[in-house]
Amino acid sequence: MPLSEFSLIERFFGQDPPRNPETHLGIGDDCALLAIPDGYQLAVTTDTMVENVHFFAAAEPAWLGHKLLAVNLSDLASMGAKPVAATLALTLPKVDENWLAAFSQGFLGLARSYGIDLIGGDTTAGPLTLTVQAMGLVKQNLALRRSGAKPGDFIYLTGQLGDAGLGLKICQGYACHLPDLPLRRLHRPTPRVATGLALPGVATACIDVSDGLAGDLGHILKQSQAGACLDWQALPLSEPVRAYIDDTGDWAMPLTAGDDYELCFTVNPKDADKIPEGCHKIGIIEPAPGLRLDKSGFIQTLTASAYEHFS
């Protein structure tokens, strides 16, 4: 006999007791109950992943569980928020217990590593669609925004750029001699939570790079009413990405490909010594509108566009 909705939730997602004092009531009632400590705000984000839009039909379910939560944690990190809780909504074409066991392992494994409580959600029948709402805490008036960059601010990036985009090209048939890193970055991204928590009071603006650096930085520029120039030589590119560019000439890929889930943020130069380790200075905010790229002294205008589902 197939599992009922409530048996499914209890078996695969109802194992863990609450970890956070803010979680007063989790799975089991019509609503969860969270307390917001004095002096804090609740940051809330939601992401949906749809089969054959965000992931291939044959994707490993454990990777999907990990990535689904990771992309939400990346949003919280970009606001400087400490992750606390999440809800999970699953639309499933059928109840596949092996698939659910692997998916929940990937999802709950990442949740446990960041001390996040799964406090509720929903299950329904239909085309495979996965949705998470994640919640975090940030000190009052210290949330990172996209609108605070000023001319003269340095632009920083965590991690490396373009690995996930290369991973997608490998899945689509590109022959890469070093595929492990790009595929891992595509399927199991690492949300930069620790860096995000270190940036309130230091960064003037921040965004997570989910739809391509050029487009996501463009959101900062639009809301900050400023422009920017990136230094091509300073971009942190892995060996496989550099080899791909040498092979194809597609130098724009790491600037426009999505799924990196790194943090791009701006900092006043006087605070540059407060930047956490693992961050790379890649450019500067300028008063003139637009996004430019300095390639060894040749200034090229970039289109600051990001991935759009309905374009």
# chains A, B, ... in the order shown; residues from 1 in each chain; ligands from 1
>>> closest_atom_pairs(of="region 42-137 of chain A", to="region 255-272 of chain A", cutoff="7 Å", atoms="only C-alpha atoms", output="tab-separated table")
residue	atom	partner	partner_atom	distance
A:Val71	CA	A:Tyr261	CA	6.9
A:Ser74	CA	A:Tyr261	CA	6.2
A:Ser78	CA	A:Leu263	CA	6.4
>>> write_last_selection(atoms="C-alpha atoms", output="CSV table (one decimal), in the first residue's frame")
chain,number,residue,atom,x,y,z
A,71,VAL,CA,20.1,28.0,-2.8
A,74,SER,CA,22.6,31.5,-0.1
A,78,SER,CA,23.4,37.5,1.1
>>> residues_around(residues="Leu25 (chain A)", least_positions_apart="5", cutoff="10 Å", atoms="only C-alpha atoms", output="PDB file with C-alpha atoms, in the first residue's frame")
ATOM      1  CA  PRO A  17      13.522  17.537  17.249  1.00  0.00           C
ATOM      2  CA  PRO A  18      13.870  21.364  17.115  1.00  0.00           C
ATOM      3  CA  CYS A  31       1.082  26.027  11.602  1.00  0.00           C
ATOM      4  CA  ALA A  32       4.579  26.205  13.003  1.00  0.00           C
ATOM      5  CA  LEU A  33       5.374  28.743  15.708  1.00  0.00           C
ATOM      6  CA  LEU A  34       8.562  30.826  15.722  1.00  0.00           C
ATOM      7  CA  ALA A  35       9.670  33.456  18.225  1.00  0.00           C
ATOM      8  CA  ILE A 119       9.124  23.109  10.674  1.00  0.00           C
ATOM      9  CA  GLY A 120       6.471  22.180   8.103  1.00  0.00           C
TER      10      GLY A 120
END
>>> closest_residue(among="A:Glu239, A:Asp153, A:Asp216, A:Glu22", to="Leu181 (chain A)", atoms="only C-alpha atoms")
A:Glu239
>>> atom_distance(atom1="CA of Tyr40 (chain A)", atom2="CA of Pro191 (chain A)")
21.9 Å
>>> select_by_dssp(residues="region 137-256 of chain A", states="helix (DSSP H, G or I)", output="number ranges by chain")
A: 163-171, 180-187, 193-198, 213-224, 232-234, 239-248, 253-256
>>> closest_residue(among="A:Val138, A:Ala102, A:Ile220, A:Ile9", to="Ala205 (chain A)", atoms="only C-alpha atoms")
A:Ile220
>>> atom_distance(atom1="CA of Ala149 (chain A)", atom2="CA of Ile284 (chain A)")
10.0 Å
>>> residues_around(residues="Arg112 (chain A)", least_positions_apart="5", cutoff="12 Å", atoms="only C-alpha atoms", output="PDB file with C-alpha atoms, in the first residue's frame")
ATOM      1  CA  GLN A  15      12.710  12.638  12.556  1.00  0.00           C
ATOM      2  CA  ASP A  16      14.495  15.613  14.111  1.00  0.00           C
ATOM      3  CA  PRO A  17      13.522  17.537  17.249  1.00  0.00           C
ATOM      4  CA  PRO A  18      13.870  21.364  17.115  1.00  0.00           C
ATOM      5  CA  ARG A  19      17.424  22.664  17.439  1.00  0.00           C
ATOM      6  CA  ASN A  20      16.756  26.381  17.878  1.00  0.00           C
ATOM      7  CA  HIS A  66      21.055  19.415  -0.884  1.00  0.00           C
ATOM      8  CA  LEU A  69      18.086  23.992   0.609  1.00  0.00           C
ATOM      9  CA  PRO A  83      19.550  30.390   9.171  1.00  0.00           C
ATOM     10  CA  VAL A  84      16.978  29.096  11.662  1.00  0.00           C
ATOM     11  CA  ALA A  85      14.121  27.209   9.991  1.00  0.00           C
ATOM     12  CA  ALA A  86      12.659  26.045   6.700  1.00  0.00           C
ATOM     13  CA  SER A 104      15.520  13.633   2.459  1.00  0.00           C
ATOM     14  CA  GLN A 105      19.059  12.483   3.226  1.00  0.00           C
ATOM     15  CA  GLY A 106      20.495  15.269   1.081  1.00  0.00           C
ATOM     16  CA  PHE A 107      18.079  17.892   2.408  1.00  0.00           C
ATOM     17  CA  ASP A 117      14.761  23.161  11.836  1.00  0.00           C
ATOM     18  CA  LEU A 118      12.373  21.750   9.242  1.00  0.00           C
TER      19      LEU A 118
END
>>> closest_residue(among="A:Gln300, A:Ile245, A:Ala194, A:Met253", to="Gly278 (chain A)", atoms="only C-alpha atoms")
A:Ala194
>>> select_by_dssp(residues="region 28-273 of chain A", states="strand (DSSP E)", output="number ranges by chain")
A: 33-34, 40-50, 82-92, 117-125, 129-139, 154-158, 203-209, 227-231, 262-267
>>> atom_distance(atom1="CA of Ala89 (chain A)", atom2="CA of Leu68 (chain A)")
10.9 Å
>>> residues_around(residues="Cys206 (chain A)", least_positions_apart="2", cutoff="10 Å", atoms="only C-alpha atoms", output="ChimeraX atom specification")
/A:77-80,143-149,155-157,196,199-200,203-204,208-209,216-217,219-220,263-267
>>> closest_residue(among="A:Pro127, A:Gly14, A:Leu166, A:Phe154", to="Asp250 (chain A)", atoms="only C-alpha atoms")
A:Leu166
>>> closest_residue(among="A:Glu286, A:Asp96, A:Glu51, A:Asp30", to="Cys229 (chain A)", atoms="only C-alpha atoms")
A:Glu286
>>> closest_residue(among="A:Thr158, A:Thr124, A:Thr23, A:Thr131", to="Ile275 (chain A)", atoms="only C-alpha atoms")
A:Thr158
